[in-house]
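Peer 1: I'm passing along target_10.tsv; it holds TSV, C-alpha atoms (C1' of nucleotides).
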```
chain	number	residue	atom	x	y	z
A	1	MET	CA	-36.36	-13.00	1.59
A	2	THR	CA	-35.69	-9.34	1.05
A	3	ALA	CA	-32.21	-7.94	1.02
A	4	PRO	CA	-31.43	-5.94	4.14
A	5	VAL	CA	-31.37	-2.18	3.65
A	6	PHE	CA	-28.05	-0.63	4.47
A	7	GLU	CA	-27.68	3.00	5.26
A	8	VAL	CA	-25.36	4.82	2.90
A	9	LYS	CA	-24.53	8.49	3.09
A	10	LEU	CA	-21.82	10.97	2.39
A	11	LEU	CA	-19.79	12.69	5.04
A	12	GLN	CA	-18.62	16.28	4.98
A	13	HIS	CA	-16.84	17.98	7.87
A	14	CYS	CA	-17.23	15.57	10.71
A	15	CYS	CA	-14.20	15.28	12.90
A	16	ASN	CA	-15.00	13.86	16.29
A	17	MET	CA	-12.80	16.32	18.10
A	18	LYS	CA	-12.56	20.07	18.35
A	19	LEU	CA	-9.27	21.63	17.38
A	20	ASP	CA	-8.67	22.81	20.93
A	21	THR	CA	-9.12	19.30	22.23
A	22	ILE	CA	-6.55	18.12	19.72
A	23	TYR	CA	-4.05	20.77	20.72
A	24	LYS	CA	-4.61	19.93	24.36
A	25	ARG	CA	-3.94	16.28	23.66
A	26	ILE	CA	-0.70	17.14	21.89
A	27	ARG	CA	0.49	19.24	24.81
A	28	SER	CA	-0.53	16.57	27.29
A	29	LYS	CA	1.82	14.22	25.47
A	30	GLY	CA	4.68	16.67	25.82
A	31	GLY	CA	4.38	17.83	22.24
A	32	ARG	CA	4.35	21.38	21.05
A	33	VAL	CA	1.76	23.00	18.85
A	34	THR	CA	4.10	24.22	16.17
A	35	LYS	CA	3.34	26.00	12.94
A	36	VAL	CA	3.69	22.93	10.74
A	37	ARG	CA	1.87	20.65	13.12
A	38	LYS	CA	-0.99	23.07	13.55
A	39	ALA	CA	-1.25	23.63	9.83
A	40	ILE	CA	-1.42	19.90	9.08
A	41	ILE	CA	-4.23	19.47	11.56
A	42	GLU	CA	-6.11	22.45	10.19
A	43	ILE	CA	-5.66	21.23	6.63
A	44	LEU	CA	-7.17	17.86	7.55
A	45	TYR	CA	-9.88	19.59	9.52
A	46	GLU	CA	-10.82	21.93	6.71
A	47	SER	CA	-10.68	19.38	3.94
A	48	GLY	CA	-12.77	16.94	5.95
A	49	CYS	CA	-11.45	14.11	3.84
A	50	ILE	CA	-8.61	11.69	3.54
A	51	LEU	CA	-5.37	13.14	2.19
A	52	SER	CA	-2.08	11.66	1.10
A	53	SER	CA	1.25	12.93	2.41
A	54	PHE	CA	1.72	14.60	-0.93
A	55	ASP	CA	-1.70	16.26	-0.82
A	56	ILE	CA	-0.84	17.64	2.59
A	57	MET	CA	2.49	18.94	1.35
A	58	LEU	CA	0.72	20.77	-1.47
A	59	LYS	CA	-1.79	22.32	0.89
A	60	LEU	CA	1.03	23.42	3.17
A	61	ARG	CA	2.66	25.14	0.21
A	62	GLU	CA	-0.58	27.00	-0.42
A	63	LEU	CA	-0.27	28.31	3.12
A	64	LYS	CA	3.31	29.37	2.36
A	65	ILE	CA	4.60	26.74	4.74
A	66	ARG	CA	7.44	24.75	3.22
A	67	PRO	CA	8.70	22.20	5.66
A	68	ASN	CA	11.27	19.68	4.63
A	69	ARG	CA	9.77	16.40	3.45
A	70	SER	CA	11.22	14.55	6.40
A	71	THR	CA	9.73	17.07	8.79
A	72	MET	CA	6.30	16.55	7.35
A	73	TYR	CA	6.61	12.77	7.40
A	74	ARG	CA	7.76	12.94	10.98
A	75	GLU	CA	4.83	15.14	11.86
A	76	LEU	CA	2.42	12.67	10.35
A	77	ILE	CA	4.03	9.83	12.26
A	78	PHE	CA	3.91	11.84	15.46
A	79	LEU	CA	0.26	12.74	15.04
A	80	ALA	CA	-0.78	9.22	14.09
A	81	HIS	CA	1.21	7.79	16.96
A	82	ASN	CA	-0.64	10.05	19.36
A	83	ASN	CA	-4.02	9.19	17.87
A	84	VAL	CA	-4.61	12.68	16.63
A	85	ILE	CA	-4.89	11.46	13.06
A	86	THR	CA	-5.36	8.04	11.53
A	87	LYS	CA	-3.12	6.50	8.92
A	88	ASN	CA	-4.35	4.30	6.12
A	89	ALA	CA	-2.22	2.65	3.45
A	90	ILE	CA	-3.97	2.65	0.10
A	91	ALA	CA	-2.17	1.47	-3.01
A	92	HIS	CA	1.42	1.96	-1.82
A	93	LYS	CA	0.77	5.33	-0.25
A	94	ASP	CA	-0.14	6.60	3.18
A	95	TYR	CA	-3.33	8.56	3.64
A	96	PHE	CA	-4.36	10.50	6.69
A	97	GLU	CA	-7.53	11.84	8.22
A	98	LEU	CA	-8.79	13.12	11.52
A	99	PRO	CA	-10.67	10.59	13.64
A	100	GLN	CA	-14.29	10.44	12.60
A	101	ASP	CA	-17.30	8.20	12.61
A	102	HIS	CA	-16.66	4.76	11.22
A	103	HIS	CA	-16.52	4.88	7.44
A	104	HIS	CA	-14.84	3.48	4.37
A	105	HIS	CA	-13.64	4.78	1.02
A	106	LEU	CA	-14.44	4.74	-2.65
A	107	VAL	CA	-11.21	4.86	-4.61
A	108	CYS	CA	-11.50	5.87	-8.24
A	109	VAL	CA	-9.03	3.94	-10.38
A	110	GLY	CA	-9.46	6.56	-13.08
A	111	CYS	CA	-8.51	9.78	-11.32
A	112	ASN	CA	-7.31	8.35	-7.98
A	113	SER	CA	-9.82	10.46	-6.11
A	114	ILE	CA	-10.98	9.08	-2.79
A	115	GLN	CA	-14.35	9.76	-1.27
A	116	LYS	CA	-15.81	8.68	2.01
A	117	ILE	CA	-18.86	6.55	2.56
A	118	VAL	CA	-20.61	5.47	5.69
A	119	ILE	CA	-22.18	2.06	5.72
A	120	GLY	CA	-23.67	0.50	8.80
A	121	ASN	CA	-20.90	-1.15	10.76
A	122	HIS	CA	-21.95	-4.66	9.85
A	123	LEU	CA	-18.42	-5.92	10.02
A	124	ARG	CA	-18.42	-5.73	13.78
A	125	GLU	CA	-20.48	-8.90	14.06
A	126	GLN	CA	-18.27	-10.68	11.60
A	127	GLU	CA	-15.18	-9.54	13.41
A	128	LYS	CA	-16.31	-11.23	16.59
A	129	ILE	CA	-16.77	-14.49	14.76
A	130	ILE	CA	-13.48	-14.17	12.95
A	131	GLU	CA	-11.70	-13.53	16.24
A	132	ARG	CA	-13.27	-16.58	17.81
A	133	GLU	CA	-12.80	-18.94	14.90
A	134	ASN	CA	-9.28	-17.94	14.00
A	135	LYS	CA	-7.92	-17.01	17.39
A	136	PHE	CA	-6.92	-13.74	15.79
A	137	GLN	CA	-7.29	-10.51	17.70
A	138	ILE	CA	-8.59	-7.83	15.36
A	139	ILE	CA	-7.39	-4.29	15.97
A	140	ASN	CA	-8.94	-2.60	12.96
A	141	HIS	CA	-9.88	-3.22	9.38
A	142	SER	CA	-9.55	-1.44	6.10
A	143	LEU	CA	-12.21	-1.62	3.46
A	144	GLU	CA	-11.92	0.17	0.16
A	145	PHE	CA	-14.12	-0.09	-2.87
A	146	TYR	CA	-12.25	0.39	-6.14
A	147	GLY	CA	-14.03	1.55	-9.24
A	148	LEU	CA	-14.95	4.52	-11.39
A	149	CYS	CA	-16.34	7.77	-10.08
A	150	ARG	CA	-19.09	9.64	-11.84
A	151	ARG	CA	-16.74	11.79	-13.87
A	152	CYS	CA	-14.47	8.95	-14.95
A	153	ARG	CA	-17.37	6.79	-16.04
A	154	ALA	CA	-18.30	9.35	-18.67
B	1	MET	CA	-32.72	-9.61	18.12
B	2	THR	CA	-30.06	-12.22	17.53
B	3	ALA	CA	-26.93	-11.43	15.60
B	4	PRO	CA	-26.86	-13.08	12.16
B	5	VAL	CA	-24.53	-16.04	11.90
B	6	PHE	CA	-21.83	-15.57	9.33
B	7	GLU	CA	-19.95	-18.45	7.89
B	8	VAL	CA	-16.23	-18.27	8.53
B	9	LYS	CA	-13.75	-20.88	7.42
B	10	LEU	CA	-10.19	-21.30	6.34
B	11	LEU	CA	-9.11	-22.00	2.79
B	12	GLN	CA	-6.30	-24.27	1.72
B	13	HIS	CA	-5.52	-25.14	-1.88
B	14	CYS	CA	-8.41	-23.77	-3.79
B	15	CYS	CA	-7.51	-22.19	-7.07
B	16	ASN	CA	-10.45	-21.93	-9.42
B	17	MET	CA	-8.42	-23.02	-12.44
B	18	LYS	CA	-6.34	-26.02	-13.34
B	19	LEU	CA	-2.73	-25.37	-14.25
B	20	ASP	CA	-3.33	-26.52	-17.83
B	21	THR	CA	-6.15	-24.05	-18.20
B	22	ILE	CA	-3.83	-21.32	-17.00
B	23	TYR	CA	-1.10	-22.27	-19.45
B	24	LYS	CA	-3.64	-22.39	-22.25
B	25	ARG	CA	-4.82	-18.93	-21.37
B	26	ILE	CA	-1.26	-17.61	-21.45
B	27	ARG	CA	-0.64	-19.09	-24.88
B	28	SER	CA	-3.96	-17.80	-26.16
B	29	LYS	CA	-2.74	-14.32	-25.27
B	30	GLY	CA	0.44	-14.79	-27.27
B	31	GLY	CA	2.51	-15.42	-24.17
B	32	ARG	CA	4.96	-18.28	-23.71
B	33	VAL	CA	5.05	-20.70	-20.85
B	34	THR	CA	8.60	-20.07	-19.78
B	35	LYS	CA	10.54	-21.48	-16.87
B	36	VAL	CA	10.14	-18.44	-14.65
B	37	ARG	CA	6.51	-17.89	-15.53
B	38	LYS	CA	5.61	-21.51	-14.95
B	39	ALA	CA	7.47	-21.57	-11.67
B	40	ILE	CA	5.69	-18.48	-10.37
B	41	ILE	CA	2.33	-20.00	-11.16
B	42	GLU	CA	3.26	-23.29	-9.54
B	43	ILE	CA	4.57	-21.53	-6.47
B	44	LEU	CA	1.27	-19.71	-6.06
B	45	TYR	CA	-0.62	-22.90	-6.78
B	46	GLU	CA	1.30	-24.95	-4.25
B	47	SER	CA	1.33	-22.36	-1.51
B	48	GLY	CA	-2.39	-21.77	-1.91
B	49	CYS	CA	-2.02	-18.42	-0.27
B	50	ILE	CA	-1.21	-14.81	-0.93
B	51	LEU	CA	2.47	-14.05	-1.47
B	52	SER	CA	4.48	-10.87	-1.80
B	53	SER	CA	6.87	-10.31	-4.68
B	54	PHE	CA	9.67	-10.93	-2.25
B	55	ASP	CA	8.13	-14.19	-1.02
B	56	ILE	CA	7.89	-15.36	-4.60
B	57	MET	CA	11.49	-14.44	-5.26
B	58	LEU	CA	12.57	-16.52	-2.26
B	59	LYS	CA	10.55	-19.51	-3.41
B	60	LEU	CA	12.04	-19.21	-6.88
B	61	ARG	CA	15.49	-19.35	-5.32
B	62	GLU	CA	14.52	-22.56	-3.54
B	63	LEU	CA	13.79	-23.99	-6.97
B	64	LYS	CA	17.24	-22.81	-8.13
B	65	ILE	CA	15.62	-20.24	-10.39
B	66	ARG	CA	17.24	-16.84	-10.06
B	67	PRO	CA	15.60	-14.39	-12.41
B	68	ASN	CA	16.53	-10.76	-12.32
B	69	ARG	CA	14.26	-8.71	-10.08
B	70	SER	CA	12.91	-6.78	-13.01
B	71	THR	CA	12.09	-9.99	-14.82
B	72	MET	CA	10.08	-11.25	-11.92
B	73	TYR	CA	8.24	-7.97	-11.49
B	74	ARG	CA	7.48	-7.96	-15.19
B	75	GLU	CA	6.18	-11.51	-14.96
B	76	LEU	CA	3.86	-10.58	-12.14
B	77	ILE	CA	2.57	-7.62	-14.11
B	78	PHE	CA	2.07	-9.80	-17.16
B	79	LEU	CA	0.19	-12.47	-15.24
B	80	ALA	CA	-1.99	-10.01	-13.38
B	81	HIS	CA	-2.69	-8.15	-16.59
B	82	ASN	CA	-3.89	-11.37	-18.19
B	83	ASN	CA	-6.03	-12.28	-15.19
B	84	VAL	CA	-3.97	-15.32	-14.37
B	85	ILE	CA	-3.17	-13.96	-10.93
B	86	THR	CA	-4.65	-11.18	-8.85
B	87	LYS	CA	-2.71	-8.31	-7.37
B	88	ASN	CA	-3.48	-6.76	-4.02
B	89	ALA	CA	-1.65	-3.86	-2.40
B	90	ILE	CA	-1.31	-4.35	1.34
B	91	ALA	CA	0.76	-2.00	3.44
B	92	HIS	CA	2.83	-0.52	0.61
B	93	LYS	CA	3.58	-3.87	-1.00
B	94	ASP	CA	2.07	-5.93	-3.76
B	95	TYR	CA	0.73	-9.37	-2.97
B	96	PHE	CA	-0.38	-11.97	-5.48
B	97	GLU	CA	-2.56	-15.03	-5.54
B	98	LEU	CA	-4.30	-17.25	-8.02
B	99	PRO	CA	-7.97	-16.50	-8.60
B	100	GLN	CA	-10.08	-18.22	-5.98
B	101	ASP	CA	-13.39	-18.07	-4.22
B	102	HIS	CA	-14.18	-14.69	-2.76
B	103	HIS	CA	-12.25	-14.16	0.43
B	104	HIS	CA	-10.42	-11.62	2.54
B	105	HIS	CA	-7.31	-11.51	4.70
B	106	LEU	CA	-6.16	-11.36	8.27
B	107	VAL	CA	-2.94	-9.37	8.44
B	108	CYS	CA	-0.88	-9.80	11.59
B	109	VAL	CA	0.77	-6.54	12.58
B	110	GLY	CA	3.18	-8.51	14.75
B	111	CYS	CA	4.78	-10.90	12.27
B	112	ASN	CA	3.27	-9.59	9.03
B	113	SER	CA	1.80	-12.98	8.23
B	114	ILE	CA	-1.32	-13.00	6.11
B	115	GLN	CA	-3.99	-15.64	6.26
B	116	LYS	CA	-7.11	-16.05	4.24
B	117	ILE	CA	-10.64	-16.07	5.53
B	118	VAL	CA	-13.92	-16.64	3.81
B	119	ILE	CA	-16.88	-14.71	5.06
B	120	GLY	CA	-20.22	-14.69	3.36
B	121	ASN	CA	-20.17	-12.11	0.61
B	122	HIS	CA	-22.38	-9.67	2.46
B	123	LEU	CA	-20.71	-6.74	0.81
B	124	ARG	CA	-22.38	-7.48	-2.49
B	125	GLU	CA	-25.67	-6.07	-1.27
B	126	GLN	CA	-23.98	-3.01	0.07
B	127	GLU	CA	-22.08	-2.52	-3.14
B	128	LYS	CA	-25.31	-2.26	-5.11
B	129	ILE	CA	-26.55	0.44	-2.77
B	130	ILE	CA	-23.26	2.28	-2.83
B	131	GLU	CA	-23.22	2.24	-6.62
B	132	ARG	CA	-26.73	3.62	-6.79
B	133	GLU	CA	-26.33	6.26	-4.12
B	134	ASN	CA	-22.92	7.51	-5.14
B	135	LYS	CA	-23.06	7.00	-8.90
B	136	PHE	CA	-19.81	5.11	-8.46
B	137	GLN	CA	-19.19	1.95	-10.44
B	138	ILE	CA	-17.51	-0.59	-8.20
B	139	ILE	CA	-15.03	-2.93	-9.82
B	140	ASN	CA	-13.76	-4.70	-6.75
B	141	HIS	CA	-13.06	-4.16	-3.09
B	142	SER	CA	-10.31	-4.95	-0.68
B	143	LEU	CA	-10.99	-5.85	2.90
B	144	GLU	CA	-8.24	-6.65	5.34
B	145	PHE	CA	-8.47	-7.17	9.07
B	146	TYR	CA	-5.39	-6.06	10.94
B	147	GLY	CA	-4.52	-7.51	14.31
B	148	LEU	CA	-2.52	-10.12	16.15
B	149	CYS	CA	-2.31	-13.75	15.17
B	150	ARG	CA	-2.35	-16.56	17.71
B	151	ARG	CA	1.43	-16.69	18.04
B	152	CYS	CA	1.92	-12.96	18.34
B	153	ARG	CA	-0.77	-12.63	20.98
B	154	ALA	CA	1.25	-14.81	23.31
C	1	DA	C1'	18.43	24.36	30.48
C	2	DT	C1'	16.28	20.93	28.56
C	3	DA	C1'	13.55	18.75	25.46
C	4	DT	C1'	11.36	19.05	21.14
C	5	DT	C1'	11.36	20.24	16.37
C	6	DT	C1'	13.63	21.14	12.05
C	7	DG	C1'	16.58	20.84	7.75
C	8	DC	C1'	19.74	18.41	5.21
C	9	DA	C1'	21.69	14.60	3.00
C	10	DA	C1'	21.67	10.14	2.52
C	11	DA	C1'	19.58	5.69	2.65
C	12	DC	C1'	15.83	2.51	2.45
C	13	DG	C1'	12.63	-1.08	0.22
C	14	DT	C1'	9.71	-1.85	-3.50
C	15	DT	C1'	8.69	-1.25	-8.10
C	16	DT	C1'	9.48	0.51	-12.89
C	17	DT	C1'	12.14	1.80	-17.00
C	18	DG	C1'	15.30	1.70	-21.29
C	19	DC	C1'	18.00	-0.79	-23.85
C	20	DA	C1'	20.58	-4.49	-25.64
C	21	DT	C1'	20.84	-9.58	-25.77
C	22	DA	C1'	18.95	-14.18	-25.70
C	23	DG	C1'	15.50	-17.39	-26.50
C	24	DT	C1'	11.24	-19.38	-28.54
C	25	DG	C1'	7.43	-20.59	-31.90
D	1	DC	C1'	11.94	-14.59	-38.98
D	2	DA	C1'	9.38	-11.91	-35.84
D	3	DC	C1'	8.20	-11.64	-31.46
D	4	DT	C1'	8.57	-12.52	-26.56
D	5	DA	C1'	11.30	-12.85	-22.50
D	6	DT	C1'	15.47	-11.78	-19.98
D	7	DG	C1'	19.48	-9.37	-17.64
D	8	DC	C1'	21.57	-5.33	-16.38
D	9	DA	C1'	21.96	-0.78	-14.74
D	10	DA	C1'	19.74	2.99	-13.48
D	11	DA	C1'	15.95	5.48	-11.93
D	12	DA	C1'	11.53	6.35	-9.74
D	13	DC	C1'	8.70	6.51	-5.80
D	14	DG	C1'	7.20	7.12	-1.12
D	15	DT	C1'	9.20	6.93	3.08
D	16	DT	C1'	12.72	6.71	6.93
D	17	DT	C1'	17.13	7.69	9.32
D	18	DG	C1'	21.25	10.05	11.65
D	19	DC	C1'	22.98	14.01	12.95
D	20	DA	C1'	23.65	18.76	13.86
D	21	DA	C1'	21.39	23.21	14.26
D	22	DA	C1'	17.38	25.86	15.62
D	23	DT	C1'	13.56	26.67	18.47
D	24	DA	C1'	10.20	26.56	22.24
D	25	DT	C1'	8.91	25.95	27.22
```
I need this file expressed as structure tokens, please.
Peer 2:
Amino acid sequence: MTAPVFEVKLLQHCCNMKLDTIYKRIRSKGGRVTKVRKAIIEILYESGCILSSFDIMLKLRELKIRPNRSTMYRELIFLAHNNVITKNAIAHKDYFELPQDHHHHLVCVGCNSIQKIVIGNHLREQEKIIERENKFQIINHSLEFYGLCRRCRA
Amino acid sequence: MTAPVFEVKLLQHCCNMKLDTIYKRIRSKGGRVTKVRKAIIEILYESGCILSSFDIMLKLRELKIRPNRSTMYRELIFLAHNNVITKNAIAHKDYFELPQDHHHHLVCVGCNSIQKIVIGNHLREQEKIIERENKFQIINHSLEFYGLCRRCRA
DNA sequence: ATATTTGCAAACGTTTTGCATAGTG
DNA sequence: CACTATGCAAAACGTTTGCAAATAT
């Protein structure tokens, strides 16, 4: 019996939504497309990867935008609450990304870098069984692989 | 094409090691089997499930053991560092359990309860591919399913 | 005019630290 | 005796809150 072949590939820029669609959604919820809010979305859009609150704060600084910490945290809550970004707790910290095709993360325990990977969504089948057997309604899952990235292995 | 059938079952008490083996390991590392340390291990052994630092503190209180917070945190670090317990960060908090057969967790977003599930270790195959394709050496992974438990669904 | 967004200061919950004391092998 | 474990106080860390002022529609 041969092991099944899973598809594995890297993702680059691959947000599911256009920026305009995102802004429209914000306005449709009664929100305003402010400088900070817009910048956060663009930072996530440009980077194409998962970023911590702190990462985002740094990138805002690069853009000469210096919101108060609480403002930025509130923005992130607002955006996540309105499904404009997704929130993911990894190792005591919140990480954010724009909605994209189903994927998971490789977390380097050496340098704390996080990279995306796409593996076939084989958990979906298992989720159905888990829901049935445990009478537990699954909303989402989080799967991270911890290890050493290429640089840190050397 | 029929969906593959995955094995799903609940775990109860199922630590891989006997308590004596654990104590021996601690002594072999130059550690002492103190009151607090022993109690923490027994609490995890008895409960058979994953517990937060806070949970453990509460259970210690039930046993009339009231260590300082820092003592307990240091114990948990010591035990995890010596592979007597495993540490798992879920939603900004550390959770601990005794080493046991490979399993994952169902995290209820309603009541924050966490239950164990065993699913066939299908990730092992994928891990090999991920390691090869990404030149990333995987040490372990963490997989949690978030959703609503039976009680919270009602 | 009204609601949303912001800054500030202060608090939160969890975890870690430094240092002196107590306890154990 | 030398070393490990503990208590205490204080800090670190990421995040959240209340409230008043500023801003946008």
Peer 1: Compile the residues of chain D that lie within 12 Å of chain B, evaluated using all atoms listed in the file, and express the compilation as JSON, numbers by chain.
Peer 2: {"D": [3, 4, 5, 6, 7, 8, 9, 10, 13, 14, 15]}
Peer 1: Produce a table with one row for each residue of chain A that has an atom at most 7 Å from any atom of chain B, each row naming the nearest atom pair and its distance in Å at one decimal; use all atoms listed in the file; arrange rows by chain and rising residue number; format as a Markdown table.
Peer 2:
```
| residue | atom | partner | partner_atom | distance |
| --- | --- | --- | --- | --- |
| A:Phe6 | CA | B:Gln126 | CA | 6.4 |
| A:Val8 | CA | B:Ile130 | CA | 6.6 |
| A:Ala89 | CA | B:Ala91 | CA | 5.5 |
| A:Ala91 | CA | B:Ala89 | CA | 5.4 |
| A:His92 | CA | B:His92 | CA | 3.7 |
| A:Lys93 | CA | B:His92 | CA | 6.3 |
| A:Gln126 | CA | B:Phe6 | CA | 6.5 |
| A:Ile130 | CA | B:Val8 | CA | 6.6 |
| A:Lys135 | CA | B:Arg150 | CA | 5.6 |
| A:Phe136 | CA | B:Cys149 | CA | 4.7 |
| A:Gln137 | CA | B:Leu148 | CA | 5.0 |
| A:Ile138 | CA | B:Gly147 | CA | 4.2 |
| A:Ile139 | CA | B:Gly147 | CA | 4.6 |
| A:Asn140 | CA | B:Tyr146 | CA | 5.4 |
| A:His141 | CA | B:Phe145 | CA | 4.2 |
| A:Ser142 | CA | B:Glu144 | CA | 5.4 |
| A:Leu143 | CA | B:Leu143 | CA | 4.4 |
| A:Glu144 | CA | B:Ser142 | CA | 5.4 |
| A:Phe145 | CA | B:His141 | CA | 4.2 |
| A:Tyr146 | CA | B:Asn140 | CA | 5.3 |
| A:Gly147 | CA | B:Ile138 | CA | 4.2 |
| A:Leu148 | CA | B:Gln137 | CA | 5.0 |
| A:Cys149 | CA | B:Phe136 | CA | 4.7 |
| A:Arg150 | CA | B:Lys135 | CA | 5.6 |
```
Peer 1: Hey, can you check how far CA of Gly110 in chain A sits from CA of Ala154 in chain A?
Peer 2: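 Taking CA of Gly110 in chain A and CA of Ala154 in chain A, their separation equals 10.8 Å.
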Peer 1: Draw an axis-aligned box tight on the listed atoms of range 79-83 of chain B, then pad every side by 8 Å and write out centre and edge lengths in Å to one decimal as JSON.
Peer 2:
```
{"center_x": -2.9, "center_y": -10.3, "center_z": -15.8, "size_x": 22.2, "size_y": 20.3, "size_z": 20.8}
```
Peer 1: Give me, as a PyMOL selection string, the contact residues of chain C against chain A at a cut-off of 10 Å, counting all atoms listed in the file.
Peer 2: chain C and resi 3-8+14
Peer 1: CA of Cys15 in chain B and CA of Ala39 in chain B are how many Å apart?
Peer 2: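 Computed distance, CA of Cys15 in chain B to CA of Ala39 in chain B, equals 15.7 Å.
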Peer 1: Have a look at CA of Arg124 in chain B and CA of His102 in chain B and let me know their distance in Å, one decimal.
Peer 2: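 We find that CA of Arg124 in chain B and CA of His102 in chain B lie 10.9 Å from each other.
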